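Beneath this line is the structure, given in structure tokens, with notes to follow.
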Amino acid sequence: MMEYASPWMDAELEGFRDSVRRFVGSEIVPHQERWRKQQHVDRALWNKGGDMGLLLADIPEQYGGSGGSFAHMAVVFEELGYAGDMAFGIHVHAIVAHYILNQGTEEQKLKYLPLLASGEMVAAIAMSEPGAGSDLKGIRTSATRGADGYKVNGSKTFISNGYLADLVLVVAKTDPDAGAKGISLLLLETKGNPGFRVGRILEKVGQKGQDTCELFFDDAHVPMENVLGGVEGRGFAQLMTELPYERTILGVAGVAAIERALKLTVEHTRERKAFGQALFEMQNTRFVLAEIKTEATIARIFIDRCIEDMIAGRMDTVQASMAKYWISDLQCKVIDQCVQLFGGYGYMLEYPIAQMYVDARVQRIYGGANEIMKEIIARSL
């Protein structure tokens, strides 16, 4: 069987992949256990990623980015996935950058994108609240307009990058009586903002190296010019427009995890013996791995099509929802099967497959719960 090659890859991207792989191998992999214990990556990692041009690889050079395409970011997300990294919050960072690039004013782009590209600023997006998750219309955080800007009040939870964030894209109600049309996105700077407070880093089942926090706003200040796009009330439409980028990223990461799980399990079953033969020689093992290989190939071909559509600018909400729900479901199923083939070792966190098992579960929840993805797809029928 010929080795499959993603159609969007080329020689330049292969060279970029090599440099990303080296960076991940030297700057991330050796520190993963320590980051899990401290519940966040080192702040210096962001600056190192900026120096390498990894943080905003698909943002135009005029705004401080590396001037590549979504293919470059896909390479970054894949290499993080192949290394089993779930701590470096570059995914959320890139998502915020794309909100600014596609929805922000020229002044907002020129001010913030270079800082995000260099790692001088770390970005987070604050959507979920204690009483509102996938239902963004139910948010209660408010932003009241005054003479010198907005006063933001409320709380957010499950905020990735929240502990280190310098810039938070806050989903808030600027007009509580206008429903979805009363929602705005605000660019809130955290440093020197007395109304902003980071709560505890939340104790998660997996992804322990990724700082996920509660955020609190008590008359937190946002300048008038920091409404994303410069006009109130566009927040819900902006969210709907940009969510496909986030959901495609989750699909890319999911496929990389599936491919890694398969590789690790094939290696283990070839080495591990039971009843006088390698596990790989047993029919059940071979059939399970054959099924996983088939499903991994289908997922790879599908996500490659999604990556091509992102590069071409034709990725839509329905297709991104399909990628997010189906791949994350498959990721959890495949890794569970792989844990079973590892036996008792698969339940030990010192084995990567066990870490992948606990890290994978949230893929079906964040970025919009998979039930919401199915609802979006159903509405297109």
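In the structure tokens, each chain is lettered A, B, ... as it comes, each chain's residues begin at 1, and ligands are numbered from 1 in order of appearance.
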Who sits within 7 Å of Ser160 of chain A, only C-alpha atoms, same chain under 6 positions skipped, as a VMD selection string: chain A and resid 89 124 210 to 213
Segment 24-32 of chain A surroundings by only C-alpha atoms, 7 Å radius, close-in-sequence under 3 positions cut, as a list in words: Val20, Arg21, Trp35, Arg36, Leu80 and Ala83 of chain A
Neighbour list for segment 188-199 of chain A as a list in words, cut-off 9 Å, only C-alpha atoms, skip fewer than 4 positions in-chain: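 Result of the neighbour search: Lys151, Val152, Asn153, Gly162, Tyr163, Ala165, Asp166, Leu167, Val168, Leu169, Val170, Cys213, Glu214, Leu215, Phe216, Phe217, Asp218, Asp219, Ala220, His221, Val222, Pro223 and Asn226 of chain A.
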Between atom CA of Ala320 of chain A and atom CA of Ala178 of chain A, distance in Å (one decimal):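 Computing the Euclidean distance for atom CA of Ala320 of chain A and atom CA of Ala178 of chain A yields 28.3 Å.
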Test item: residues at most 12 Å from Ala237 of chain A, only C-alpha atoms, excluding those fewer than 4 positions along its chain, as a PyMOL selection string: chain A and resi 99+103+136-137+171+180-185+228-229+232-233+241-243
Could you save the residues just selected, with all heavy atoms, as a tab-separated table (two decimals), in the first residue's frame?
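Printed below is out_21.tsv as written:
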```tsv
chain	number	residue	atom	x	y	z
A	99	TYR	N	-10.44	36.36	15.22
A	99	TYR	CA	-11.54	37.28	15.49
A	99	TYR	C	-11.11	38.71	15.18
A	99	TYR	O	-11.83	39.49	14.54
A	99	TYR	CB	-11.99	37.18	16.95
A	99	TYR	CG	-13.03	36.12	17.21
A	99	TYR	CD1	-12.66	34.85	17.65
A	99	TYR	CD2	-14.38	36.38	17.04
A	99	TYR	CE1	-13.61	33.88	17.90
A	99	TYR	CE2	-15.34	35.41	17.30
A	99	TYR	CZ	-14.95	34.16	17.72
A	99	TYR	OH	-15.90	33.20	17.97
A	103	GLN	N	-12.77	40.46	12.08
A	103	GLN	CA	-13.90	41.24	12.59
A	103	GLN	C	-13.48	42.58	13.19
A	103	GLN	O	-14.33	43.43	13.44
A	103	GLN	CB	-14.65	40.44	13.67
A	103	GLN	CG	-15.09	39.06	13.25
A	103	GLN	CD	-16.13	39.05	12.16
A	103	GLN	OE1	-16.88	40.03	12.00
A	103	GLN	NE2	-16.20	37.98	11.39
A	136	LEU	N	-25.06	30.57	23.93
A	136	LEU	CA	-24.44	31.88	24.12
A	136	LEU	C	-25.46	32.99	24.33
A	136	LEU	O	-25.14	34.05	24.87
A	136	LEU	CB	-23.55	32.20	22.92
A	136	LEU	CG	-22.33	31.27	22.76
A	136	LEU	CD1	-21.60	31.59	21.46
A	136	LEU	CD2	-21.39	31.39	23.95
A	137	LYS	N	-26.71	32.77	23.91
A	137	LYS	CA	-27.73	33.79	24.11
A	137	LYS	C	-28.09	33.94	25.58
A	137	LYS	O	-28.69	34.93	25.98
A	137	LYS	CB	-28.99	33.45	23.30
A	137	LYS	CG	-28.79	33.51	21.78
A	137	LYS	CD	-30.06	33.15	21.04
A	137	LYS	CE	-29.85	33.15	19.53
A	137	LYS	NZ	-31.07	32.76	18.80
A	171	VAL	N	-17.27	38.03	25.79
A	171	VAL	CA	-18.63	38.05	25.26
A	171	VAL	C	-19.52	38.65	26.34
A	171	VAL	O	-19.64	38.10	27.44
A	171	VAL	CB	-19.11	36.63	24.91
A	171	VAL	CG1	-20.51	36.69	24.28
A	171	VAL	CG2	-18.12	35.95	23.97
A	180	ALA	N	-30.13	38.47	21.01
A	180	ALA	CA	-28.85	38.17	20.35
A	180	ALA	C	-28.21	39.44	19.81
A	180	ALA	O	-26.98	39.54	19.75
A	180	ALA	CB	-29.05	37.16	19.22
A	181	LYS	N	-29.02	40.42	19.43
A	181	LYS	CA	-28.49	41.67	18.88
A	181	LYS	C	-27.93	42.60	19.96
A	181	LYS	O	-27.37	43.65	19.64
A	181	LYS	CB	-29.58	42.39	18.08
A	181	LYS	CG	-29.99	41.63	16.82
A	181	LYS	CD	-31.03	42.40	16.01
A	181	LYS	CE	-31.40	41.63	14.75
A	181	LYS	NZ	-32.42	42.35	13.95
A	182	GLY	N	-28.07	42.19	21.20
A	182	GLY	CA	-27.51	42.99	22.29
A	182	GLY	C	-26.18	42.48	22.79
A	182	GLY	O	-25.65	42.98	23.79
A	183	ILE	N	-25.61	41.48	22.09
A	183	ILE	CA	-24.33	40.90	22.49
A	183	ILE	C	-23.19	41.55	21.72
A	183	ILE	O	-23.27	41.73	20.51
A	183	ILE	CB	-24.32	39.38	22.26
A	183	ILE	CG1	-25.34	38.70	23.18
A	183	ILE	CG2	-22.93	38.79	22.47
A	183	ILE	CD1	-25.51	37.22	22.94
A	184	SER	N	-22.13	41.91	22.42
A	184	SER	CA	-20.94	42.50	21.81
A	184	SER	C	-19.70	41.74	22.28
A	184	SER	O	-19.70	41.12	23.35
A	184	SER	CB	-20.81	43.99	22.17
A	184	SER	OG	-21.94	44.71	21.76
A	185	LEU	N	-18.64	41.81	21.49
A	185	LEU	CA	-17.35	41.25	21.86
A	185	LEU	C	-16.42	42.40	22.21
A	185	LEU	O	-16.27	43.35	21.43
A	185	LEU	CB	-16.76	40.42	20.73
A	185	LEU	CG	-17.63	39.28	20.19
A	185	LEU	CD1	-16.85	38.45	19.16
A	185	LEU	CD2	-18.12	38.39	21.31
A	228	LEU	N	-15.08	45.01	19.54
A	228	LEU	CA	-14.56	44.37	18.33
A	228	LEU	C	-15.35	44.83	17.11
A	228	LEU	O	-16.57	44.70	17.06
A	228	LEU	CB	-14.64	42.85	18.45
A	228	LEU	CG	-13.94	42.08	17.32
A	228	LEU	CD1	-12.43	42.28	17.39
A	228	LEU	CD2	-14.28	40.60	17.37
A	229	GLY	N	-14.65	45.40	16.16
A	229	GLY	CA	-15.30	45.91	14.95
A	229	GLY	C	-15.81	47.32	15.07
A	229	GLY	O	-16.25	47.91	14.09
A	232	GLU	N	-21.36	48.21	18.49
A	232	GLU	CA	-22.05	47.31	19.42
A	232	GLU	C	-23.05	46.41	18.70
A	232	GLU	O	-23.53	46.74	17.61
A	232	GLU	CB	-22.81	48.13	20.47
A	232	GLU	CG	-21.96	48.81	21.51
A	232	GLU	CD	-22.83	49.50	22.56
A	232	GLU	OE1	-24.06	49.28	22.56
A	232	GLU	OE2	-22.28	50.26	23.38
A	233	GLY	N	-23.37	45.29	19.35
A	233	GLY	CA	-24.47	44.45	18.89
A	233	GLY	C	-24.13	43.45	17.80
A	233	GLY	O	-25.01	42.70	17.36
A	241	THR	N	-19.72	33.56	12.76
A	241	THR	CA	-18.84	33.62	11.59
A	241	THR	C	-17.50	32.96	11.87
A	241	THR	O	-16.93	32.29	10.99
A	241	THR	CB	-18.61	35.09	11.18
A	241	THR	OG1	-19.87	35.70	10.89
A	241	THR	CG2	-17.72	35.18	9.95
A	242	GLU	N	-16.98	33.11	13.07
A	242	GLU	CA	-15.62	32.65	13.38
A	242	GLU	C	-15.55	31.26	14.00
A	242	GLU	O	-14.46	30.67	14.04
A	242	GLU	CB	-14.94	33.66	14.31
A	242	GLU	CG	-14.76	35.05	13.71
A	242	GLU	CD	-13.97	35.03	12.41
A	242	GLU	OE1	-12.98	34.29	12.33
A	242	GLU	OE2	-14.37	35.74	11.47
A	243	LEU	N	-16.67	30.72	14.45
A	243	LEU	CA	-16.63	29.40	15.09
A	243	LEU	C	-16.13	28.28	14.18
A	243	LEU	O	-15.51	27.33	14.66
A	243	LEU	CB	-18.01	29.05	15.67
A	243	LEU	CG	-18.33	29.73	17.00
A	243	LEU	CD1	-19.77	29.49	17.40
A	243	LEU	CD2	-17.40	29.24	18.11
```
Every residue of segment 51-147 of chain A that DSSP places in alpha helix (DSSP H), as a ChimeraX atom specification: /A:51-52,70-82,90-103,106-118
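In terms of minimum interatomic distance to Leu13 of chain A, A:Gly68 ranks closest within A:Gly346, A:Gly68, A:Gly276, A:Gly235, counting only C-alpha atoms.
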Surrounding residues of segment 203-207 of chain A excluding itself and chain neighbours under 4 positions, 12 Å, only C-alpha atoms, as a PyMOL selection string: chain A and resi 32-33+35-41+84-89+158+160+211-214+349+354-363
Using N, CA, C and O atoms, can you export the residues from the last selection as a short mmCIF file (atom, residue, chain, number, x, y, z; two decimals), in the first residue's frame?
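Just written: part.cif:
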```cif
data_model
loop_
_atom_site.label_atom_id
_atom_site.label_comp_id
_atom_site.auth_asym_id
_atom_site.auth_seq_id
_atom_site.Cartn_x
_atom_site.Cartn_y
_atom_site.Cartn_z
N GLN A 32 6.44 18.54 29.96
CA GLN A 32 5.01 18.25 30.05
C GLN A 32 4.57 17.83 31.46
O GLN A 32 3.53 18.30 31.95
N GLU A 33 5.32 16.97 32.12
CA GLU A 33 4.92 16.51 33.45
C GLU A 33 4.96 17.67 34.45
O GLU A 33 4.08 17.80 35.30
N TRP A 35 4.53 20.82 33.80
CA TRP A 35 3.42 21.72 33.52
C TRP A 35 2.10 21.15 34.04
O TRP A 35 1.23 21.90 34.48
N ARG A 36 1.95 19.84 33.99
CA ARG A 36 0.73 19.25 34.54
C ARG A 36 0.63 19.53 36.03
O ARG A 36 -0.45 19.78 36.57
N LYS A 37 1.78 19.46 36.71
CA LYS A 37 1.78 19.69 38.16
C LYS A 37 1.53 21.15 38.51
O LYS A 37 0.85 21.46 39.50
N GLN A 38 2.07 22.08 37.71
CA GLN A 38 1.87 23.50 38.02
C GLN A 38 0.61 24.06 37.35
O GLN A 38 0.23 25.19 37.61
N GLN A 39 -0.02 23.27 36.50
CA GLN A 39 -1.30 23.57 35.86
C GLN A 39 -1.24 24.69 34.82
O GLN A 39 -2.28 25.26 34.46
N HIS A 40 -0.07 24.98 34.35
CA HIS A 40 0.07 25.94 33.26
C HIS A 40 1.48 25.84 32.69
O HIS A 40 2.40 25.38 33.36
N VAL A 41 1.63 26.28 31.45
CA VAL A 41 2.95 26.29 30.83
C VAL A 41 3.75 27.47 31.37
O VAL A 41 3.20 28.39 31.98
N GLY A 84 1.51 14.62 21.90
CA GLY A 84 0.64 14.45 23.05
C GLY A 84 0.49 15.69 23.90
O GLY A 84 0.12 15.60 25.07
N ASP A 85 0.77 16.87 23.32
CA ASP A 85 0.70 18.09 24.13
C ASP A 85 -0.73 18.64 24.16
O ASP A 85 -1.34 18.87 23.12
N MET A 86 -1.23 18.85 25.37
CA MET A 86 -2.52 19.48 25.57
C MET A 86 -2.40 20.64 26.55
O MET A 86 -3.36 21.02 27.21
N ALA A 87 -1.20 21.21 26.65
CA ALA A 87 -0.95 22.29 27.61
C ALA A 87 -0.79 23.64 26.95
O ALA A 87 -1.28 24.66 27.47
N PHE A 88 -0.11 23.69 25.83
CA PHE A 88 0.19 24.95 25.15
C PHE A 88 -1.08 25.46 24.47
O PHE A 88 -1.55 24.89 23.50
N GLY A 89 -1.64 26.55 24.99
CA GLY A 89 -2.93 27.04 24.52
C GLY A 89 -2.87 27.86 23.25
O GLY A 89 -3.62 28.85 23.11
N PHE A 158 -14.35 28.07 32.82
CA PHE A 158 -13.74 27.17 31.83
C PHE A 158 -12.94 27.96 30.79
O PHE A 158 -12.95 27.62 29.61
N SER A 160 -9.79 28.81 28.93
CA SER A 160 -8.43 28.37 28.60
C SER A 160 -7.54 29.59 28.40
O SER A 160 -7.95 30.59 27.83
N ASP A 211 -3.90 25.85 31.51
CA ASP A 211 -4.55 26.65 32.55
C ASP A 211 -5.98 26.98 32.11
O ASP A 211 -6.22 27.59 31.09
N THR A 212 -6.92 26.52 32.89
CA THR A 212 -8.34 26.75 32.65
C THR A 212 -8.93 27.36 33.91
O THR A 212 -8.88 26.74 34.97
N CYS A 213 -9.44 28.57 33.80
CA CYS A 213 -9.74 29.37 34.99
C CYS A 213 -11.15 29.92 35.03
O CYS A 213 -11.87 29.93 34.03
N GLU A 214 -11.48 30.41 36.20
CA GLU A 214 -12.62 31.30 36.37
C GLU A 214 -12.11 32.73 36.25
O GLU A 214 -11.02 33.05 36.72
N LEU A 349 -1.02 6.29 34.17
CA LEU A 349 -0.76 7.59 33.55
C LEU A 349 0.67 7.74 33.04
O LEU A 349 0.94 8.65 32.26
N ALA A 354 -2.81 6.36 28.34
CA ALA A 354 -3.69 6.70 29.45
C ALA A 354 -3.88 8.21 29.54
O ALA A 354 -4.98 8.71 29.79
N GLN A 355 -2.80 8.95 29.34
CA GLN A 355 -2.90 10.41 29.35
C GLN A 355 -3.79 10.89 28.21
O GLN A 355 -4.59 11.82 28.38
N MET A 356 -3.67 10.25 27.07
CA MET A 356 -4.52 10.61 25.93
C MET A 356 -6.00 10.34 26.23
O MET A 356 -6.88 11.08 25.78
N TYR A 357 -6.25 9.29 26.99
CA TYR A 357 -7.63 8.92 27.34
C TYR A 357 -8.30 10.02 28.15
O TYR A 357 -9.43 10.44 27.84
N VAL A 358 -7.61 10.52 29.18
CA VAL A 358 -8.23 11.56 30.01
C VAL A 358 -8.22 12.92 29.32
O VAL A 358 -9.10 13.77 29.57
N ASP A 359 -7.26 13.13 28.43
CA ASP A 359 -7.20 14.41 27.72
C ASP A 359 -8.28 14.53 26.65
O ASP A 359 -8.70 15.63 26.30
N ALA A 360 -8.72 13.38 26.10
CA ALA A 360 -9.60 13.41 24.93
C ALA A 360 -11.05 13.76 25.26
O ALA A 360 -11.74 14.35 24.43
N ARG A 361 -11.50 13.42 26.45
CA ARG A 361 -12.94 13.47 26.71
C ARG A 361 -13.56 14.83 26.48
O ARG A 361 -14.69 14.95 25.98
N VAL A 362 -12.85 15.89 26.82
CA VAL A 362 -13.42 17.23 26.71
C VAL A 362 -13.58 17.68 25.26
O VAL A 362 -14.30 18.65 24.98
N GLN A 363 -12.92 17.00 24.33
CA GLN A 363 -13.05 17.36 22.91
C GLN A 363 -14.51 17.33 22.46
O GLN A 363 -14.90 18.05 21.54
#
```
Nearby residues (only C-alpha atoms) at most 10 Å from Gln62 of chain A, same-chain spacing under 3 positions excluded, as a PyMOL selection string: chain A and resi 59+65-67+109-110+113-114
With C-alpha atoms kept, could you save the residues just selected as an mmCIF file, in the first residue's frame?
```cif
data_model
loop_
_atom_site.group_PDB
_atom_site.id
_atom_site.type_symbol
_atom_site.label_atom_id
_atom_site.label_comp_id
_atom_site.auth_asym_id
_atom_site.auth_seq_id
_atom_site.Cartn_x
_atom_site.Cartn_y
_atom_site.Cartn_z
ATOM 1 C CA ILE A 59 -1.782 35.931 9.932
ATOM 2 C CA GLY A 65 2.169 37.312 11.554
ATOM 3 C CA SER A 66 4.201 34.848 9.509
ATOM 4 C CA GLY A 67 2.131 35.317 6.352
ATOM 5 C CA LYS A 109 -5.490 44.770 14.063
ATOM 6 C CA LEU A 110 -2.438 47.018 14.065
ATOM 7 C CA LEU A 113 -1.998 41.269 16.273
ATOM 8 C CA PRO A 114 1.752 42.055 16.393
#
```
